[in-house]
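Data block for start.cif (mmCIF, C-alpha atoms):
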data_entry
loop_
_atom_site.label_atom_id
_atom_site.label_comp_id
_atom_site.auth_asym_id
_atom_site.auth_seq_id
_atom_site.Cartn_x
_atom_site.Cartn_y
_atom_site.Cartn_z
CA MET A 26 155.29 145.62 63.88
CA THR A 27 154.78 142.28 65.60
CA ALA A 28 155.84 143.71 68.96
CA ARG A 29 153.39 146.57 68.56
CA LEU A 30 150.56 144.17 67.75
CA ASN A 31 151.44 142.14 70.84
CA ARG A 32 151.29 145.24 73.02
CA LEU A 33 147.94 146.23 71.56
CA THR A 34 146.63 142.70 72.11
CA ARG A 35 147.72 142.70 75.76
CA ARG A 36 146.15 146.10 76.37
CA ALA A 37 142.91 145.04 74.71
CA THR A 38 142.91 141.91 76.87
CA ALA A 39 143.42 143.95 80.05
CA ILE A 40 140.63 146.35 79.10
CA GLY A 41 138.34 143.50 78.15
CA LEU A 42 138.94 141.74 81.47
CA VAL A 43 137.94 144.76 83.53
CA LEU A 44 134.99 145.55 81.29
CA THR A 45 133.87 141.93 81.59
CA CYS A 46 134.01 142.23 85.39
CA SER A 47 131.80 145.29 85.33
CA ALA A 48 129.46 143.97 82.63
CA LEU A 49 128.88 140.66 84.40
CA GLY A 50 128.35 142.61 87.60
CA VAL A 51 125.54 144.50 85.87
CA LEU A 52 123.94 141.23 84.80
CA THR A 53 124.28 139.42 88.12
CA ALA A 54 123.51 142.24 90.57
CA GLU A 55 120.03 142.51 91.96
CA PRO A 56 118.20 145.45 90.39
CA GLY A 57 116.64 148.06 92.63
CA PRO A 58 112.89 148.12 93.11
CA SER A 59 111.03 149.86 90.33
CA PRO A 60 108.63 152.69 91.12
CA ALA A 61 105.71 150.40 90.35
CA SER A 62 106.85 147.48 92.48
CA PRO A 63 104.95 146.47 95.65
CA ALA A 64 107.92 147.56 97.77
CA THR A 65 107.57 151.17 96.73
CA ALA A 66 103.99 151.55 95.54
CA PRO A 67 101.58 153.13 98.02
CA GLN A 68 99.09 150.65 99.43
CA GLU A 69 95.41 150.88 98.59
CA LYS A 70 92.97 151.86 101.31
CA PRO A 71 90.29 149.31 102.20
CA ALA A 72 86.97 150.02 100.52
CA GLY A 73 85.23 150.50 103.85
CA GLU A 74 87.60 153.23 105.05
CA ASN A 75 86.55 156.74 104.14
CA THR A 76 89.55 159.04 103.85
CA ALA A 77 88.69 162.72 103.70
CA ALA A 78 92.02 163.85 102.26
CA SER A 79 94.69 162.25 100.15
CA GLN A 80 98.24 161.57 101.29
CA VAL A 81 101.04 164.08 100.82
CA SER A 82 104.29 162.11 100.51
CA VAL A 83 107.89 163.26 100.63
CA GLY A 84 110.82 161.31 99.18
CA LEU A 85 109.09 159.31 96.47
CA GLU A 86 112.05 159.74 94.08
CA ASP A 87 113.94 156.68 92.93
CA LEU A 88 116.47 155.07 95.23
CA HIS A 89 119.43 155.63 92.88
CA PRO A 90 120.22 159.38 93.11
CA HIS A 91 122.28 160.70 90.20
CA GLY A 92 121.20 164.28 89.51
CA PHE A 93 122.97 167.61 89.98
CA ARG A 94 121.50 167.97 93.46
CA GLN A 95 123.13 164.71 94.51
CA ILE A 96 126.47 165.83 93.06
CA GLY A 97 126.26 168.93 95.26
CA LEU A 98 125.46 166.79 98.29
CA ASP A 99 128.40 164.52 97.46
CA ALA A 100 130.78 167.48 97.25
CA LYS A 101 129.57 168.79 100.60
CA TYR A 102 129.90 165.35 102.19
CA LEU A 103 133.47 164.99 100.87
CA LEU A 104 134.47 168.34 102.30
CA THR A 105 132.86 167.83 105.71
CA ARG A 106 133.59 164.12 106.22
CA PRO A 107 137.15 164.68 107.58
CA LEU A 108 135.65 166.83 110.34
CA GLN A 109 133.29 164.05 111.44
CA LEU A 110 135.63 161.09 111.77
CA ASP A 111 134.73 158.44 114.30
CA ARG A 112 137.25 156.27 116.13
CA ASP A 113 137.69 153.86 113.22
CA GLY A 114 138.20 156.76 110.81
CA LYS A 115 140.90 158.28 112.99
CA ILE A 116 142.65 154.90 113.21
CA LYS A 117 142.63 154.64 109.40
CA VAL A 118 144.14 158.11 109.09
CA ALA A 119 146.84 157.21 111.60
CA LEU A 120 147.63 153.98 109.75
CA THR A 121 147.82 155.85 106.43
CA VAL A 122 150.19 158.46 107.84
CA GLY A 123 152.30 155.77 109.51
CA THR A 124 152.52 153.65 106.35
CA ALA A 125 153.40 156.67 104.20
CA GLY A 126 156.09 157.68 106.72
CA THR A 127 157.56 154.18 106.73
CA LEU A 128 157.62 154.08 102.93
CA PHE A 129 159.32 157.47 102.91
CA LEU A 130 162.09 156.19 105.16
CA LEU A 131 162.53 153.15 102.90
CA ARG A 132 162.00 154.91 99.58
CA ASN A 133 165.63 154.76 98.44
CA ARG A 134 165.86 151.04 99.19
CA ILE A 135 162.53 150.31 97.47
CA ARG A 136 163.59 152.26 94.41
CA GLY A 137 166.94 150.51 94.25
CA GLU A 138 165.42 147.04 94.42
CA ALA A 139 162.75 147.90 91.86
CA GLN A 140 165.30 149.22 89.37
CA GLU A 141 167.76 146.38 90.01
CA ASP A 142 165.15 143.70 89.23
CA ARG A 143 163.60 145.61 86.34
CA SER A 144 163.07 143.73 83.08
CA GLY A 145 161.42 144.31 79.73
CA SER A 146 158.74 141.68 80.31
CA ARG A 147 157.80 143.17 83.68
CA ASP A 148 157.69 146.66 82.16
CA ARG A 149 155.25 145.46 79.50
CA PHE A 150 153.07 143.62 82.02
CA LEU A 151 152.83 146.61 84.34
CA GLN A 152 152.22 148.96 81.43
CA ASP A 153 149.19 146.88 80.50
CA ALA A 154 147.90 147.03 84.08
CA ARG A 155 148.37 150.80 84.03
CA THR A 156 145.43 151.00 81.61
CA MET A 157 143.23 151.51 84.67
CA GLY A 158 145.14 154.70 85.42
CA LYS A 159 144.57 156.30 82.02
CA GLY A 160 142.35 159.37 81.85
CA ALA A 161 139.89 157.70 79.46
CA PHE A 162 139.31 154.59 81.57
CA ALA A 163 136.71 155.89 84.04
CA PRO A 164 134.79 157.86 81.36
CA SER A 165 134.68 154.73 79.18
CA LEU A 166 133.21 152.66 82.03
CA SER A 167 130.79 155.50 82.75
CA LEU A 168 129.61 155.54 79.14
CA ILE A 169 129.13 151.76 79.19
CA ALA A 170 127.13 151.95 82.43
CA TYR A 171 124.93 154.75 81.13
CA GLY A 172 124.29 152.86 77.90
CA ALA A 173 123.42 149.75 79.91
CA SER A 174 120.69 151.70 81.69
CA PHE A 175 118.63 151.70 78.50
CA LEU A 176 118.78 147.90 78.47
CA THR A 177 118.18 147.28 82.17
CA ARG A 178 115.79 150.24 82.57
CA ASP A 179 117.26 150.68 86.02
CA ASP A 180 118.56 154.00 87.34
CA ARG A 181 121.29 152.08 89.17
CA GLU A 182 123.37 152.14 85.99
CA LYS A 183 122.91 155.90 85.61
CA GLU A 184 123.95 156.32 89.23
CA THR A 185 127.03 154.20 88.51
CA ALA A 186 127.92 156.33 85.50
CA VAL A 187 127.73 159.53 87.54
CA LEU A 188 129.61 157.99 90.47
CA LEU A 189 132.49 156.93 88.21
CA LEU A 190 132.85 160.44 86.80
CA GLU A 191 132.51 162.00 90.24
CA SER A 192 135.11 159.69 91.72
CA MET A 193 137.53 160.48 88.90
CA ALA A 194 136.99 164.25 89.13
CA PHE A 195 137.19 164.51 92.92
CA THR A 196 140.20 162.18 92.98
CA GLY A 197 141.92 164.43 90.46
CA ALA A 198 141.22 167.41 92.69
CA GLY A 199 142.54 165.54 95.73
CA VAL A 200 145.68 164.48 93.88
CA GLY A 201 146.30 168.06 92.73
CA LEU A 202 145.93 169.34 96.29
CA GLY A 203 148.22 166.59 97.59
CA GLN A 204 150.88 167.40 95.01
CA PHE A 205 150.77 171.02 96.16
CA VAL A 206 151.07 170.12 99.84
CA LEU A 207 153.77 167.46 99.27
CA SER A 208 155.78 168.83 96.37
CA SER A 209 158.36 166.09 95.87
CA GLN A 210 160.53 165.55 92.83
CA ARG A 211 160.40 162.55 90.57
CA PRO A 212 163.01 159.88 91.44
CA ASP A 213 164.95 160.42 88.21
CA THR A 214 165.13 164.16 88.96
CA GLY A 215 165.99 164.42 92.64
CA LYS A 216 165.05 163.68 96.25
CA GLU A 217 163.93 167.10 97.44
CA VAL A 218 160.54 167.43 99.12
CA ARG A 219 158.99 170.86 99.52
CA PHE A 220 155.72 171.79 101.14
CA PHE A 221 153.01 174.00 99.64
CA HIS A 222 154.70 174.41 96.29
CA TRP A 223 153.26 173.98 92.81
CA GLY A 224 154.71 171.52 90.30
CA GLY A 225 155.37 168.64 92.67
CA HIS A 226 154.67 164.92 92.34
CA GLY A 227 154.05 163.86 95.93
CA VAL A 228 150.82 162.00 95.05
CA SER A 229 150.56 159.75 92.00
CA GLY A 230 147.73 160.72 89.67
CA ASP A 231 147.75 157.43 87.76
CA ALA A 232 147.47 155.41 90.97
CA GLY A 233 144.65 157.64 92.17
CA LEU A 234 142.64 157.34 88.95
CA ALA A 235 143.05 153.55 88.86
CA ALA A 236 141.89 153.20 92.46
CA SER A 237 138.96 155.62 92.10
CA VAL A 238 136.84 153.18 90.05
CA VAL A 239 137.28 150.23 92.42
CA PRO A 240 134.96 151.24 95.30
CA VAL A 241 132.23 152.32 92.89
CA LEU A 242 132.14 149.04 90.95
CA ARG A 243 132.46 146.99 94.14
CA HIS A 244 129.67 148.89 95.90
CA GLN A 245 127.29 148.93 92.95
CA TYR A 246 127.72 145.40 91.62
CA LEU A 247 130.15 143.25 93.59
CA ALA A 248 128.94 143.54 97.19
CA VAL A 249 128.16 140.09 98.62
CA HIS A 250 124.61 139.67 99.95
CA PRO A 251 123.21 136.92 102.23
CA GLU A 252 120.95 135.62 99.46
CA ASP A 253 123.84 135.17 96.98
CA GLY A 254 124.66 131.62 95.96
CA THR A 255 128.11 130.05 96.29
CA MET A 256 129.17 130.62 92.68
CA LEU A 257 127.95 134.21 92.70
CA ARG A 258 129.87 134.88 95.92
CA ILE A 259 133.03 133.40 94.39
CA TRP A 260 132.56 135.48 91.25
CA LYS A 261 132.02 138.74 93.13
CA ARG A 262 135.03 138.23 95.38
CA THR A 263 137.23 137.22 92.44
CA ALA A 264 136.20 140.24 90.41
CA THR A 265 136.76 142.52 93.40
CA GLY A 266 140.23 141.04 93.88
CA ILE A 267 141.05 141.66 90.22
CA LEU A 268 140.03 145.30 90.50
CA TYR A 269 142.11 145.89 93.63
CA ALA A 270 145.05 144.06 92.04
CA GLY A 271 144.80 146.30 88.98
CA ALA A 272 144.91 149.41 91.16
CA ALA A 273 147.89 148.08 93.13
CA LEU A 274 149.77 147.11 89.96
CA THR A 275 149.18 150.57 88.53
CA ALA A 276 150.70 152.09 91.65
CA TYR A 277 153.70 149.75 91.45
CA GLN A 278 154.14 150.54 87.75
CA ARG A 279 154.89 154.15 88.69
CA ILE A 280 157.63 152.90 91.05
CA ASN A 281 158.94 150.39 88.54
CA ASN A 282 159.20 153.01 85.79
CA ASP A 283 160.96 155.41 88.17
CA LYS A 284 158.20 158.01 87.91
CA HIS A 285 157.19 158.12 91.56
CA TRP A 286 158.62 157.26 94.95
CA ALA A 287 156.87 154.49 96.89
CA PRO A 288 155.02 156.86 99.31
CA ASP A 289 153.79 158.93 96.35
CA ALA A 290 152.26 155.87 94.68
CA PHE A 291 150.75 154.71 97.98
CA LEU A 292 149.17 158.10 98.71
CA GLY A 293 147.72 158.24 95.21
CA MET A 294 146.05 154.85 95.60
CA VAL A 295 144.71 155.77 99.05
CA THR A 296 143.30 159.03 97.66
CA GLY A 297 141.37 157.23 94.93
CA LEU A 298 140.02 154.54 97.26
CA THR A 299 139.02 157.08 99.92
CA VAL A 300 137.21 159.36 97.49
CA GLY A 301 135.33 156.44 95.94
CA GLU A 302 134.29 155.00 99.29
CA THR A 303 133.18 158.39 100.59
CA LEU A 304 131.02 159.03 97.53
CA CYS A 305 129.37 155.63 97.94
CA ASP A 306 128.68 156.45 101.60
CA SER A 307 127.09 159.73 100.53
CA HIS A 308 124.76 157.89 98.15
CA ASP A 309 123.87 155.37 100.84
CA LEU A 310 122.84 158.22 103.14
CA ALA A 311 120.72 159.74 100.38
CA ARG A 312 119.10 156.35 99.80
CA GLN A 313 118.21 156.02 103.47
CA GLU A 314 116.61 159.46 103.46
CA LYS A 315 114.56 158.63 100.36
CA LYS A 316 113.20 155.50 102.01
CA THR A 317 111.41 157.60 104.61
CA HIS A 318 108.00 158.81 103.54
CA LEU A 319 106.00 161.40 105.45
CA SER A 320 102.24 161.23 104.95
CA LEU A 321 99.46 163.58 106.02
CA GLU A 322 96.19 161.70 106.51
CA ALA A 323 92.69 162.83 107.40
CA SER A 324 89.99 160.34 108.33
CA PRO A 325 86.77 160.33 110.35
CA SER A 326 88.83 159.54 113.43
CA GLY A 327 91.04 162.60 113.03
CA VAL A 328 94.05 164.10 111.26
CA GLY A 329 97.65 162.96 111.73
CA LEU A 330 101.10 162.40 110.29
CA ARG A 331 102.43 158.97 109.41
CA VAL A 332 106.06 158.08 108.75
CA ARG A 333 106.60 154.99 106.62
CA LEU A 334 110.05 153.34 106.55
#
Is it possible to give me this structure as structure tokens?
Amino acid sequence: MTARLNRLTRRATAIGLVLTCSALGVLTAEPGPSPASPATAPQEKPAGENTAASQVSVGLEDLHPHGFRQIGLDAKYLLTRPLQLDRDGKIKVALTVGTAGTLFLLRNRIRGEAQEDRSGSRDRFLQDARTMGKGAFAPSLSLIAYGASFLTRDDREKETAVLLLESMAFTGAGVGLGQFVLSSQRPDTGKEVRFFHWGGHGVSGDAGLAASVVPVLRHQYLAVHPEDGTMLRIWKRTATGILYAGAALTAYQRINNDKHWAPDAFLGMVTGLTVGETLCDSHDLARQEKKTHLSLEASPSGVGLRVRL
């Protein structure tokens, strides 16, 4: 009974730590401009200027897209992004393939060392870290973010809630596809690797789910800005490090518990991070488009179009 209580206490502590990181991020991050703020409100015309027609503006929606239309745009961006890689993107793909290949060549040695040094205390510690890889973790954070939107009255929290669910769902789809393409056996079952075969374990789902929340929380709340003070910068970087460490420990837990080979855990973590980063990029593009306003104006001097950035 005591051991069970200790395990529950450690898990609650791990969950509380991550939730604290995200909650404090909500409180310390700069909120987006409200629709009524001077940054977004249309400027008044001088009294002496006689305008014959009113403006017709496009893109006056909020700057935190989170509706079904944005989800469709995100899905399209995820599918087409691999076809539009720049030089840096191709280098990242090459490094990922090279690292996975190296881990594959060393997988027996890595497994042997992990099992040789395995201990009960390390198992318990890694099991607590694996909380980030549970199926309920991302939905729980999403629910907290959505609830926080009613306190902050900022659509940023709603956007975060949708991004977390999107990242989890698309990561799950990517992991499933990867397990079909690289259909490897679990270490305690065998070493065979087959291609394009159902029922494999070539990409770790737990590692992917744990990593999928990291880019979203970092992008929404923990990005360092020039106007941030020293303590806020330290806090954001520390919290970001904790999130990445949690994702890495979840991946290693799968190796430690002999559930996945090292390349499988690595590919799972990369899948989650990549999906999360790509979704954040998609939202950034949507934000940039919404910042452009097209206006049709008619005045005594003539009629014309005006683009406001």
**Report entry** Explicit residues for the PyMOL selection byres ((chain A and resi 136) around 10) (as number ranges by chain)
**Finding:** A: 131-135, 137-141, 212, 280-283, 285-287
The selected residues should be written to file as a PDB file, keeping the file's coordinate frame (atoms: C-alpha atoms).
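Wrote result_29.pdb, looks like this:
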ATOM      1  CA  LEU A 131     162.530 153.150 102.900  1.00  0.00           C
ATOM      2  CA  ARG A 132     162.000 154.910  99.580  1.00  0.00           C
ATOM      3  CA  ASN A 133     165.630 154.760  98.440  1.00  0.00           C
ATOM      4  CA  ARG A 134     165.860 151.040  99.190  1.00  0.00           C
ATOM      5  CA  ILE A 135     162.530 150.310  97.470  1.00  0.00           C
ATOM      6  CA  GLY A 137     166.940 150.510  94.250  1.00  0.00           C
ATOM      7  CA  GLU A 138     165.420 147.040  94.420  1.00  0.00           C
ATOM      8  CA  ALA A 139     162.750 147.900  91.860  1.00  0.00           C
ATOM      9  CA  GLN A 140     165.300 149.220  89.370  1.00  0.00           C
ATOM     10  CA  GLU A 141     167.760 146.380  90.010  1.00  0.00           C
ATOM     11  CA  PRO A 212     163.010 159.880  91.440  1.00  0.00           C
ATOM     12  CA  ILE A 280     157.630 152.900  91.050  1.00  0.00           C
ATOM     13  CA  ASN A 281     158.940 150.390  88.540  1.00  0.00           C
ATOM     14  CA  ASN A 282     159.200 153.010  85.790  1.00  0.00           C
ATOM     15  CA  ASP A 283     160.960 155.410  88.170  1.00  0.00           C
ATOM     16  CA  HIS A 285     157.190 158.120  91.560  1.00  0.00           C
ATOM     17  CA  TRP A 286     158.620 157.260  94.950  1.00  0.00           C
ATOM     18  CA  ALA A 287     156.870 154.490  96.890  1.00  0.00           C
TER      19      ALA A 287
END
Report task. Using all atoms listed in the file, find the one residue out of A:Ala186, A:Ile259, A:Val200, A:Ala264 that sits nearest to Ser167 of chain A. Result -> A:Ala186
**Report entry** Å distance separating atom CA of Leu234 of chain A from atom CA of Ala198 of chain A, one decimal place
**Finding:** 10.8 Å
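Across the structure, atom CA of Glu182 of chain A and atom CA of Val241 of chain A are spaced 11.2 Å apart.
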Closest pair table for segment 116-179 of chain A residues within 12 Å of segment 297-317 of chain A, only C-alpha atoms, as JSON lines:
{"residue": "A:Lys117", "atom": "CA", "partner": "A:Thr299", "partner_atom": "CA", "distance": 10.4}
{"residue": "A:Val118", "atom": "CA", "partner": "A:Thr299", "partner_atom": "CA", "distance": 10.6}
{"residue": "A:Thr121", "atom": "CA", "partner": "A:Thr299", "partner_atom": "CA", "distance": 11.0}
{"residue": "A:Met157", "atom": "CA", "partner": "A:Gly297", "partner_atom": "CA", "distance": 11.9}
{"residue": "A:Gly158", "atom": "CA", "partner": "A:Gly297", "partner_atom": "CA", "distance": 10.5}
{"residue": "A:Ala163", "atom": "CA", "partner": "A:Gly297", "partner_atom": "CA", "distance": 11.9}
Requested in this report: Figure out the distance between atom CA of Leu292 of chain A and atom CA of Val228 of chain A, please, to one decimal in Å.
Outcome: 5.6 Å
Query - Result set, the PyMOL selection byres ((chain A and resi 219) around 7) on current file, as an MDAnalysis selection string - result: chainID A and resid 207:209 217:218 220:222
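Minimum atom-to-atom distances from A:Gly199, A:Ala235, A:Glu252, A:Tyr269 to Arg155 of chain A were compared using all atoms listed in the file, and the lowest value belongs to A:Ala235.
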**Report entry** Who sits within 7 Å of Ser229 of chain A, all atoms listed in the file, same chain under 4 positions skipped, as a list in words
**Finding:**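 The residues satisfying every condition are Gly233, His285, Asp289, Ala290 and Gly293 of chain A.
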Requested in this report: Could you tell me which of A:Thr265, A:Ser165, A:Thr275, A:Thr124 comes closest to Met193 of chain A if we count only C-alpha atoms?
Outcome: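 Smallest distance to Met193 of chain A is found for A:Ser165.
Shortest atom-to-atom contact with Leu88 of chain A among A:Trp223, A:Gly160, A:His250, A:Glu184: A:Glu184, counting all atoms listed in the file.
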Requested in this report: Mind checking which residues fall within 10 Å of Gly271 of chain A, counting only C-alpha atoms, ignoring those fewer than 5 positions away in the same chain, and posting them as a list in words?
Outcome: Ala39, Val43, Leu151, Asp153, Ala154, Arg155, Thr156, Met157, Gly158, Ala232, Ala235, Ala236, Val239, Thr265, Gly266, Ala276 and Tyr277 of chain A
Quick one: axis-aligned box around all listed atoms of segment 310-313 of chain A, 3 Å on every side, centre and edge lengths in Å to one decimal, written as lines of an AutoDock Vina configuration file.
center_x = 120.5
center_y = 157.9
center_z = 101.6
size_x = 10.6
size_y = 9.7
size_z = 9.7
